[in-house]
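Shown here: upload.txt, compact mmCIF, C-alpha atoms and all ligand atoms.
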# COMPACT_ATOMS: atom_id res chain seq x y z
CA MET A 1 0.00 0.00 0.00
CA GLY A 2 1.36 3.41 -0.96
CA LYS A 3 1.53 6.60 1.02
CA GLY A 4 -0.37 9.80 0.43
CA LEU A 5 -0.26 13.54 0.81
CA PHE A 6 -3.11 16.03 0.70
CA ILE A 7 -2.33 19.30 -1.09
CA ALA A 8 -4.34 21.91 0.78
CA GLY A 9 -4.58 25.48 -0.46
CA THR A 10 -5.20 28.54 1.65
CA ASP A 11 -7.62 29.60 -1.10
CA THR A 12 -8.49 28.94 -4.70
CA GLY A 13 -5.93 29.93 -7.34
CA VAL A 14 -2.94 29.86 -4.97
CA GLY A 15 -0.94 27.23 -6.86
CA LYS A 16 -2.08 23.85 -5.49
CA THR A 17 -2.05 22.28 -8.95
CA LEU A 18 1.30 23.85 -9.86
CA VAL A 19 2.95 22.73 -6.61
CA ALA A 20 1.38 19.26 -6.80
CA CYS A 21 2.60 18.91 -10.41
CA GLY A 22 6.10 20.11 -9.50
CA LEU A 23 6.27 17.77 -6.52
CA ALA A 24 4.91 14.86 -8.59
CA THR A 25 7.63 15.45 -11.19
CA LEU A 26 10.39 15.59 -8.56
CA LEU A 27 9.17 12.34 -6.98
CA LYS A 28 8.79 10.67 -10.38
CA ASN A 29 12.34 11.71 -11.28
CA ARG A 30 13.54 10.07 -8.05
CA GLY A 31 12.07 6.78 -9.19
CA TYR A 32 8.80 6.76 -7.28
CA LYS A 33 5.56 5.66 -8.91
CA VAL A 34 3.36 8.70 -8.30
CA GLY A 35 -0.43 8.52 -8.20
CA VAL A 36 -2.66 11.59 -8.19
CA MET A 37 -6.23 12.44 -7.42
CA LYS A 38 -8.46 15.50 -7.66
CA PRO A 39 -11.64 14.09 -6.10
CA ALA A 40 -13.85 16.90 -7.43
CA GLU A 41 -13.12 19.63 -9.95
CA THR A 42 -15.45 22.51 -10.71
CA GLY A 43 -15.55 25.13 -13.42
CA CYS A 44 -14.89 22.40 -16.00
CA ALA A 45 -15.39 23.27 -19.66
CA GLU A 46 -16.74 20.81 -22.20
CA LYS A 47 -14.31 18.96 -24.44
CA SER A 48 -15.61 16.46 -27.01
CA GLY A 49 -19.03 16.61 -25.35
CA GLN A 50 -17.73 15.87 -21.84
CA LEU A 51 -16.74 18.02 -18.88
CA PHE A 52 -12.93 18.07 -18.82
CA PRO A 53 -11.05 18.29 -15.51
CA GLN A 54 -8.02 20.42 -16.43
CA ASP A 55 -6.28 20.18 -13.03
CA ALA A 56 -6.66 16.40 -13.00
CA PHE A 57 -5.18 16.31 -16.51
CA TYR A 58 -2.16 18.41 -15.48
CA LEU A 59 -1.69 16.16 -12.44
CA GLN A 60 -1.91 13.02 -14.58
CA GLN A 61 0.61 14.39 -17.10
CA ALA A 62 3.11 15.55 -14.48
CA SER A 63 2.97 12.40 -12.37
CA GLY A 64 2.71 9.72 -15.03
CA CYS A 65 -0.13 8.28 -12.93
CA GLN A 66 -1.50 5.19 -14.64
CA ALA A 67 -5.13 5.74 -13.67
CA PRO A 68 -7.60 7.16 -16.23
CA LEU A 69 -8.89 10.71 -15.77
CA GLU A 70 -12.36 9.48 -14.68
CA LYS A 71 -10.73 7.76 -11.71
CA ILE A 72 -8.30 10.57 -10.92
CA CYS A 73 -11.28 12.96 -10.92
CA PRO A 74 -14.59 11.12 -10.42
CA TYR A 75 -16.57 14.39 -10.14
CA SER A 76 -16.13 16.94 -12.93
CA LEU A 77 -18.63 19.74 -12.48
CA ARG A 78 -19.52 22.69 -14.66
CA ALA A 79 -20.31 25.52 -12.23
CA PRO A 80 -17.34 27.56 -10.99
CA LEU A 81 -18.37 27.01 -7.37
CA ALA A 82 -17.28 25.01 -4.35
CA PRO A 83 -17.79 21.32 -5.24
CA GLY A 84 -20.63 20.86 -2.73
CA MET A 85 -22.50 23.81 -4.24
CA ALA A 86 -21.80 22.86 -7.86
CA ALA A 87 -22.89 19.26 -7.21
CA ALA A 88 -26.18 20.43 -5.64
CA MET A 89 -26.83 22.78 -8.58
CA GLU A 90 -26.05 20.04 -11.12
CA LYS A 91 -27.97 17.36 -9.20
CA VAL A 92 -24.85 15.23 -8.80
CA GLU A 93 -24.56 13.11 -5.67
CA ILE A 94 -21.02 13.02 -4.37
CA ASP A 95 -20.35 9.56 -2.97
CA LEU A 96 -17.56 9.59 -0.40
CA SER A 97 -17.19 5.82 -0.52
CA LEU A 98 -16.49 6.03 -4.27
CA ILE A 99 -13.77 8.63 -3.63
CA ALA A 100 -12.30 6.40 -0.91
CA SER A 101 -12.31 3.28 -3.07
CA LEU A 102 -10.75 5.10 -6.05
CA TYR A 103 -8.09 6.54 -3.76
CA ASN A 104 -7.32 3.06 -2.42
CA GLU A 105 -7.16 1.68 -5.96
CA ILE A 106 -4.78 4.41 -7.16
CA ASN A 107 -2.75 4.31 -3.97
CA SER A 108 -2.24 0.57 -4.08
CA ALA A 109 -0.80 0.84 -7.61
CA HIS A 110 1.64 3.65 -6.78
CA ASP A 111 4.30 4.42 -4.16
CA VAL A 112 2.75 7.74 -3.21
CA THR A 113 -0.50 9.51 -4.08
CA LEU A 114 -0.93 13.29 -4.13
CA VAL A 115 -4.52 14.41 -3.57
CA GLU A 116 -5.41 17.97 -4.54
CA GLY A 117 -8.24 19.65 -2.65
CA ALA A 118 -10.39 22.47 -4.03
CA GLY A 119 -9.99 25.97 -2.62
CA GLY A 120 -9.24 25.69 1.12
CA LEU A 121 -9.88 23.24 3.97
CA LEU A 122 -13.39 24.47 4.80
CA VAL A 123 -14.69 24.22 1.25
CA PRO A 124 -17.74 21.93 1.29
CA LEU A 125 -17.78 18.69 -0.62
CA LEU A 126 -21.18 17.81 0.83
CA PRO A 127 -23.52 20.04 2.85
CA ARG A 128 -21.87 19.06 6.14
CA TYR A 129 -18.59 17.67 4.94
CA CYS A 130 -15.57 19.72 3.90
CA TYR A 131 -12.06 18.98 2.60
CA ALA A 132 -10.66 18.92 6.14
CA ASN A 133 -13.05 16.02 6.82
CA LEU A 134 -11.88 14.30 3.65
CA ALA A 135 -8.16 14.65 4.48
CA ARG A 136 -8.89 13.31 7.95
CA ALA A 137 -10.97 10.38 6.66
CA MET A 138 -8.20 9.52 4.17
CA ARG A 139 -5.63 9.80 7.01
CA LEU A 140 -3.47 12.04 4.85
CA PRO A 141 -0.88 14.50 6.10
CA LEU A 142 -1.09 17.95 4.55
CA LEU A 143 1.13 20.12 2.44
CA ALA A 144 -0.28 23.66 2.64
CA VAL A 145 0.13 25.96 -0.35
CA ALA A 146 -0.21 29.74 -0.02
CA ALA A 147 0.09 32.48 -2.60
CA ASN A 148 2.97 34.72 -1.54
CA ARG A 149 1.18 38.06 -1.46
CA LEU A 150 -0.47 40.44 1.00
CA GLY A 151 -2.90 38.33 3.07
CA ALA A 152 -0.75 35.19 3.02
CA ILE A 153 0.12 35.43 6.72
CA ASN A 154 -3.52 35.41 7.79
CA HIS A 155 -4.60 32.80 5.24
CA LEU A 156 -1.76 30.45 6.03
CA LEU A 157 -2.00 30.78 9.82
CA LEU A 158 -5.77 30.21 9.66
CA THR A 159 -5.20 27.11 7.56
CA LEU A 160 -2.54 25.75 9.92
CA GLU A 161 -4.63 26.49 12.98
CA HIS A 162 -7.70 24.86 11.50
CA ALA A 163 -5.67 21.80 10.49
CA SER A 164 -4.40 21.53 14.03
CA CYS A 165 -7.96 21.86 15.45
CA ARG A 166 -9.04 18.99 13.18
CA GLY A 167 -6.13 16.79 14.21
CA LEU A 168 -4.55 17.03 10.75
CA ARG A 169 -0.78 16.74 10.54
CA VAL A 170 0.84 19.41 8.38
CA LEU A 171 4.23 18.44 6.96
CA GLY A 172 4.94 22.02 5.95
CA TYR A 173 3.90 24.82 3.68
CA VAL A 174 4.98 26.18 0.32
CA LEU A 175 4.92 29.86 -0.62
CA ASN A 176 4.10 30.35 -4.26
CA GLN A 177 4.83 33.57 -6.14
CA VAL A 178 1.71 33.95 -8.28
CA ALA A 179 2.42 37.51 -9.49
CA SER A 180 5.34 38.64 -11.64
CA GLU A 181 6.01 41.62 -9.35
CA HIS A 182 7.33 41.01 -5.83
CA SER A 183 5.31 43.20 -3.48
CA LEU A 184 6.72 44.30 -0.13
CA ALA A 185 4.50 41.64 1.46
CA ALA A 186 5.94 38.96 -0.84
CA LYS A 187 9.47 39.99 0.12
CA THR A 188 8.80 39.99 3.87
CA ASN A 189 6.31 37.08 4.21
CA PRO A 190 8.93 34.29 4.35
CA ALA A 191 10.74 35.70 7.39
CA ALA A 192 7.49 36.83 9.02
CA LEU A 193 6.01 33.36 8.72
CA ARG A 194 9.14 31.71 10.08
CA SER A 195 8.72 33.83 13.20
CA LEU A 196 4.97 33.18 13.47
CA THR A 197 4.72 29.40 13.07
CA SER A 198 6.92 26.43 13.85
CA VAL A 199 5.48 24.55 10.85
CA PRO A 200 8.39 24.44 8.37
CA CYS A 201 8.44 26.20 5.04
CA LEU A 202 9.28 23.47 2.52
CA GLY A 203 9.89 25.78 -0.38
CA GLU A 204 9.37 29.04 -2.20
CA ILE A 205 8.26 28.78 -5.80
CA PRO A 206 9.13 31.75 -8.03
CA TYR A 207 6.86 33.28 -10.61
CA ILE A 208 7.15 31.23 -13.80
CA ALA A 209 6.53 33.38 -16.86
CA ASP A 210 4.71 31.60 -19.69
CA LEU A 211 3.92 28.68 -17.37
CA GLU A 212 1.57 26.92 -19.78
CA ASN A 213 4.43 26.34 -22.23
CA LYS A 214 6.84 25.33 -19.48
CA ARG A 215 4.82 22.49 -17.95
CA PRO A 216 7.07 19.82 -19.50
CA LEU A 217 10.02 21.52 -17.74
CA LEU A 218 8.52 21.53 -14.25
CA GLY A 219 11.07 18.97 -13.03
CA ASP A 220 13.93 21.37 -13.81
CA LEU A 221 12.03 24.40 -12.52
CA PHE A 222 11.25 22.71 -9.18
CA GLU A 223 14.60 20.97 -8.69
CA GLY A 224 16.19 22.15 -5.44
CA ARG A 225 13.18 24.30 -4.58
CA LEU A 226 11.24 21.87 -2.38
CA ASP A 227 12.52 20.20 0.76
CA LEU A 228 11.50 16.59 0.22
CA GLN A 229 12.88 15.37 3.53
CA PRO A 230 9.56 15.29 5.43
CA LEU A 231 8.05 13.34 2.54
CA ASP A 232 11.03 11.00 2.29
CA ALA A 233 10.52 10.27 5.99
CA ILE A 234 6.92 9.22 5.25
CA MET A 235 7.98 7.19 2.22
CA SER A 236 10.60 5.25 4.11
CA ARG A 237 8.21 4.24 6.88
CA GLY A 238 6.90 0.70 6.62
N1 LIG B 1 4.47 30.37 -9.67
C1 LIG B 1 3.63 30.70 -10.63
N2 LIG B 1 4.07 31.36 -11.74
C2 LIG B 1 3.23 31.68 -12.75
N3 LIG B 1 1.90 31.38 -12.75
C3 LIG B 1 1.42 30.74 -11.69
C4 LIG B 1 2.25 30.37 -10.59
N4 LIG B 1 1.46 29.72 -9.67
C5 LIG B 1 0.23 29.69 -10.19
N5 LIG B 1 0.19 30.29 -11.40
C6 LIG B 1 -1.00 30.44 -12.25
O1 LIG B 1 -2.06 30.83 -11.39
C7 LIG B 1 -3.23 30.09 -11.68
C8 LIG B 1 -3.68 29.31 -10.45
O2 LIG B 1 -2.71 28.29 -10.17
P1 LIG B 1 -3.19 26.83 -9.82
O3 LIG B 1 -4.17 26.37 -10.84
O4 LIG B 1 -1.99 25.99 -9.59
O5 LIG B 1 -3.96 27.14 -8.44
P2 LIG B 1 -4.91 26.18 -7.61
O6 LIG B 1 -4.72 26.53 -6.18
O7 LIG B 1 -4.66 24.78 -8.01
O8 LIG B 1 -6.37 26.64 -8.08
P3 LIG B 1 -7.77 25.83 -7.92
O9 LIG B 1 -8.33 26.24 -6.60
O10 LIG B 1 -8.56 26.34 -9.10
O11 LIG B 1 -7.49 24.36 -8.02
C9 LIG B 1 -2.93 29.21 -12.89
O12 LIG B 1 -3.34 29.89 -14.05
C10 LIG B 1 -1.42 29.09 -12.86
O13 LIG B 1 -0.92 28.90 -14.14
MG MG B 2 -5.97 23.42 -8.86

Can you dump the structure from the file as C-alpha cells?
Ligand SMILES: Nc1ncnc2c1ncn2[C@@H]1O[C@H](COP(=O)(O)OP(=O)(O)OP(=O)(O)O)[C@@H](O)[C@H]1O
Ligand SMILES: [Mg+2]
Amino acid sequence: MGKGLFIAGTDTGVGKTLVACGLATLLKNRGYKVGVMKPAETGCAEKSGQLFPQDAFYLQQASGCQAPLEKICPYSLRAPLAPGMAAAMEKVEIDLSLIASLYNEINSAHDVTLVEGAGGLLVPLLPRYCYANLARAMRLPLLAVAANRLGAINHLLLTLEHASCRGLRVLGYVLNQVASEHSLAAKTNPAALRSLTSVPCLGEIPYIADLENKRPLLGDLFEGRLDLQPLDAIMSRG
C-alpha cells in the first residue's frame, strides 16, 4: 500500500495544482511511482461533449499516474463554485465511498498519491462535509500551499490552525509567487512566517513566466526548490 499527501490550499488559485505537479515530477524523477487524485473539480469546460477536468489532466501528465482521468477525478462539475455547491446545482450526488475506493485503488498501484483539494480546507464537498473532513478520513498528512502576497500570513496561519484543530498533521507549507512583481509583502512574508509558526516552510516557488508552455520543464524548474525530507521520511516508513 502506498503513502499519500493532501495538497491543501489557503484559497483557490494559490498554486495547489502547480505545486502538486512540481512535486509529482520531482518524486517521479527520483524513481517513485506517483499517483494523483483531484476528487472533485469545478468550473470544468466541455471537451468532445464531456466536462474536462483540467487540473486532473495536469496532475496526470506531471505524475505519469497510470489511472484514467475518470478515476483521478470522479466528479467533474460545470459551475465555478465550491464542489458541494456545484454538485447540488447540477444534481450530482457526491459519494464519499467512491472517492475512498478510487483513492485506495490508485494508492495501491503507486508508491505515493498526491490528492489535490479544491480551494481551502473548509470548502464543502457535501452540505456538512468539507475537505478537512476528507483529508482526515483519508488519514493524509497535509502540504499547505499559499500564494505569496499580502494576506498570506492570515490565510496560512488560519489554515494551519484549523488543520491543528481537526487533528490534521501538516508536513509544511509552500509559498508560491503567483504575481510577476514582488510586493513588499511577498518579500517579507517568508521571514514573518518563520517567526509566526513552527510549521516548516518546505519551499518558495518563483513566478514562472509563460507557465503553460513550461509544464514539460517543471522537473527542472522545481529541482532544489522543495525540501523533500519530510516526505522522504513518510515514504521510508513501513
Ligand atoms: N508560480 C507561478 N508562476 C506563474 N503562474 C502561476 C504560478 N502559480 C500559479 N500560477 C498560475 O495561477 C493560476 C492558479 O494556479 P493553480 O491552478 O496551480 O492554483 P490552484 O490553487 O490549483 O487553483 P484551484 O483552486 O482552481 O485548483 C494558474 O493559471 C497558474 O498557471
Ligand atoms: Mg488546482

One decimal, in Å: what's the spacing between atom CA of Ala86 of chain A and atom CA of Thr42 of chain A?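 Atom-to-atom, atom CA of Ala86 of chain A and atom CA of Thr42 of chain A are spaced 7.0 Å apart.
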
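Going from atom CA of Phe6 of chain A to atom CA of Glu181 of chain A covers 29.0 Å.
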
For the interface of chain A with ligand LIG 1 (chain B) (cut-off 6 Å, counting only C-alpha atoms and all ligand atoms), please tabulate each contacting residue of chain A alongside its nearest pair of atoms and their separation in Å to one decimal, rows sorted by chain and increasing number, as a Markdown table.
| residue | atom | partner | partner_atom | distance |
| --- | --- | --- | --- | --- |
| A:Gly9 | CA | B:LIG1 | O6 | 5.8 |
| A:Thr12 | CA | B:LIG1 | O9 | 3.3 |
| A:Gly13 | CA | B:LIG1 | O8 | 3.4 |
| A:Val14 | CA | B:LIG1 | O6 | 4.0 |
| A:Gly15 | CA | B:LIG1 | O4 | 3.2 |
| A:Lys16 | CA | B:LIG1 | O7 | 3.7 |
| A:Thr17 | CA | B:LIG1 | O7 | 3.7 |
| A:Leu18 | CA | B:LIG1 | O4 | 3.9 |
| A:Ala118 | CA | B:LIG1 | O9 | 5.0 |
| A:Gly119 | CA | B:LIG1 | O9 | 4.3 |
| A:Asn176 | CA | B:LIG1 | N1 | 5.4 |
| A:Gln177 | CA | B:LIG1 | N1 | 4.8 |
| A:Val178 | CA | B:LIG1 | C4 | 4.3 |
| A:Ile205 | CA | B:LIG1 | N1 | 5.6 |
| A:Pro206 | CA | B:LIG1 | N1 | 5.1 |
| A:Tyr207 | CA | B:LIG1 | N2 | 3.6 |
| A:Ile208 | CA | B:LIG1 | N2 | 3.7 |
| A:Ala209 | CA | B:LIG1 | C2 | 5.5 |
| A:Leu211 | CA | B:LIG1 | C2 | 5.6 |

Nearest to Met37 of chain A among A:Pro190, A:Gly224, A:Pro68, A:Gly22, with distances taken over only C-alpha atoms: which residue is it?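 So, comparing all the options, the nearest one is A:Pro68.
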
When distances are computed from only C-alpha atoms, which of A:Gly151, A:Gly219, A:Pro80, A:Gly35 shows the smallest separation from Ala109 of chain A? A:Gly35

Proximity of segment 125-208 of chain A to segment 88-103 of chain A: per-residue shortest pair, 12 Å limit, all atoms listed in the file, as CSV:
residue,atom,partner,partner_atom,distance
A:Leu125,CA,A:Ile94,CA,7.5
A:Leu126,CA,A:Ile94,CA,7.1
A:Pro127,CA,A:Ala88,CA,8.9
A:Tyr129,CA,A:Leu96,CA,9.7
A:Cys130,CA,A:Leu96,CA,11.2
A:Tyr131,CA,A:Leu96,CA,11.3
A:Asn133,CA,A:Leu96,CA,10.7
A:Leu134,CA,A:Leu96,CA,8.4
A:Ala135,CA,A:Ala100,CA,10.7
A:Arg136,CA,A:Ala100,CA,11.7
A:Ala137,CA,A:Ala100,CA,8.7
A:Met138,CA,A:Ala100,CA,7.2
A:Arg139,CA,A:Ala100,CA,10.9
A:Leu140,CA,A:Tyr103,CA,11.2

Work out how far apart atom CA of Glu116 of chain A and atom CA of Glu204 of chain A are and give it in Å to one decimal. 18.6 Å

In terms of the shortest atom-to-atom distance over only C-alpha atoms and all ligand atoms, which of A:Ala24, A:Leu122, A:Leu5, A:Ala56 is closest to ligand MG 2 (chain B)?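 For ligand MG 2 (chain B), the nearest of the given residues is A:Ala56.
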
Near Val174 of chain A, counting all atoms listed in the file, which residues have an atom at most 6 Å away, once you skip same-chain residues fewer than 5 positions from it, shown as a list of chain:residue names?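 Once the nearby chain positions are removed, what remains is A:Val145, A:Cys201, A:Leu202, A:Gly203, A:Glu204.
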
Pick from A:Ile106, A:Ala179, A:Ala82, A:Leu218: nearest to Val36 of chain A, with all atoms listed in the file counted?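 Closest to Val36 of chain A of all the choices is A:Ile106.
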
Measuring between all atoms listed in the file, which one of A:Thr159, A:Gly120, A:Lys33, A:Asn104 shows the shortest distance to ligand MG 2 (chain B)? A:Gly120

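Distance annotation: of A:Gly43, A:Gly167, A:Gly64, A:Gly31, the residue with the minimal separation from ligand MG 2 (chain B) is A:Gly43; atom set is all atoms listed in the file.
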
I'd like the neighbourhood of Leu160 of chain A as a ChimeraX atom specification, where a residue qualifies if any of its atoms comes within 8 Å (using all atoms listed in the file), though same-chain residues fewer than 4 positions away should be ignored. /A:144,156,164,170

Reconstructed N, CA and C atoms for segment 188-200 of chain A, given as an mmCIF file, keeping the file's coordinate frame:
data_model
loop_
_atom_site.group_PDB
_atom_site.id
_atom_site.type_symbol
_atom_site.label_atom_id
_atom_site.label_comp_id
_atom_site.auth_asym_id
_atom_site.auth_seq_id
_atom_site.Cartn_x
_atom_site.Cartn_y
_atom_site.Cartn_z
ATOM 1 N N THR A 188 8.649 40.119 2.409
ATOM 2 C CA THR A 188 8.800 39.990 3.870
ATOM 3 C C THR A 188 8.029 38.799 4.455
ATOM 4 N N ASN A 189 7.111 38.210 3.691
ATOM 5 C CA ASN A 189 6.310 37.080 4.210
ATOM 6 C C ASN A 189 7.160 35.904 4.691
ATOM 7 N N PRO A 190 8.196 35.493 3.921
ATOM 8 C CA PRO A 190 8.930 34.290 4.350
ATOM 9 C C PRO A 190 9.489 34.420 5.768
ATOM 10 N N ALA A 191 10.156 35.544 6.053
ATOM 11 C CA ALA A 191 10.740 35.700 7.390
ATOM 12 C C ALA A 191 9.640 35.875 8.431
ATOM 13 N N ALA A 192 8.591 36.623 8.060
ATOM 14 C CA ALA A 192 7.490 36.830 9.020
ATOM 15 C C ALA A 192 6.879 35.492 9.404
ATOM 16 N N LEU A 193 6.642 34.649 8.428
ATOM 17 C CA LEU A 193 6.010 33.360 8.720
ATOM 18 C C LEU A 193 6.913 32.457 9.542
ATOM 19 N N ARG A 194 8.217 32.536 9.273
ATOM 20 C CA ARG A 194 9.140 31.710 10.080
ATOM 21 C C ARG A 194 9.049 32.107 11.550
ATOM 22 N N SER A 195 8.790 33.395 11.798
ATOM 23 C CA SER A 195 8.720 33.830 13.200
ATOM 24 C C SER A 195 7.340 33.561 13.804
ATOM 25 N N LEU A 196 6.349 33.297 12.972
ATOM 26 C CA LEU A 196 4.970 33.180 13.470
ATOM 27 C C LEU A 196 4.482 31.737 13.609
ATOM 28 N N THR A 197 5.152 30.797 12.952
ATOM 29 C CA THR A 197 4.720 29.400 13.070
ATOM 30 C C THR A 197 5.950 28.485 13.089
ATOM 31 N N SER A 198 5.812 27.397 13.820
ATOM 32 C CA SER A 198 6.920 26.430 13.850
ATOM 33 C C SER A 198 6.767 25.395 12.727
ATOM 34 N N VAL A 199 5.636 25.455 12.006
ATOM 35 C CA VAL A 199 5.480 24.550 10.850
ATOM 36 C C VAL A 199 6.518 24.972 9.805
ATOM 37 N N PRO A 200 7.299 24.034 9.275
ATOM 38 C CA PRO A 200 8.390 24.440 8.370
ATOM 39 C C PRO A 200 7.921 24.871 6.982
#
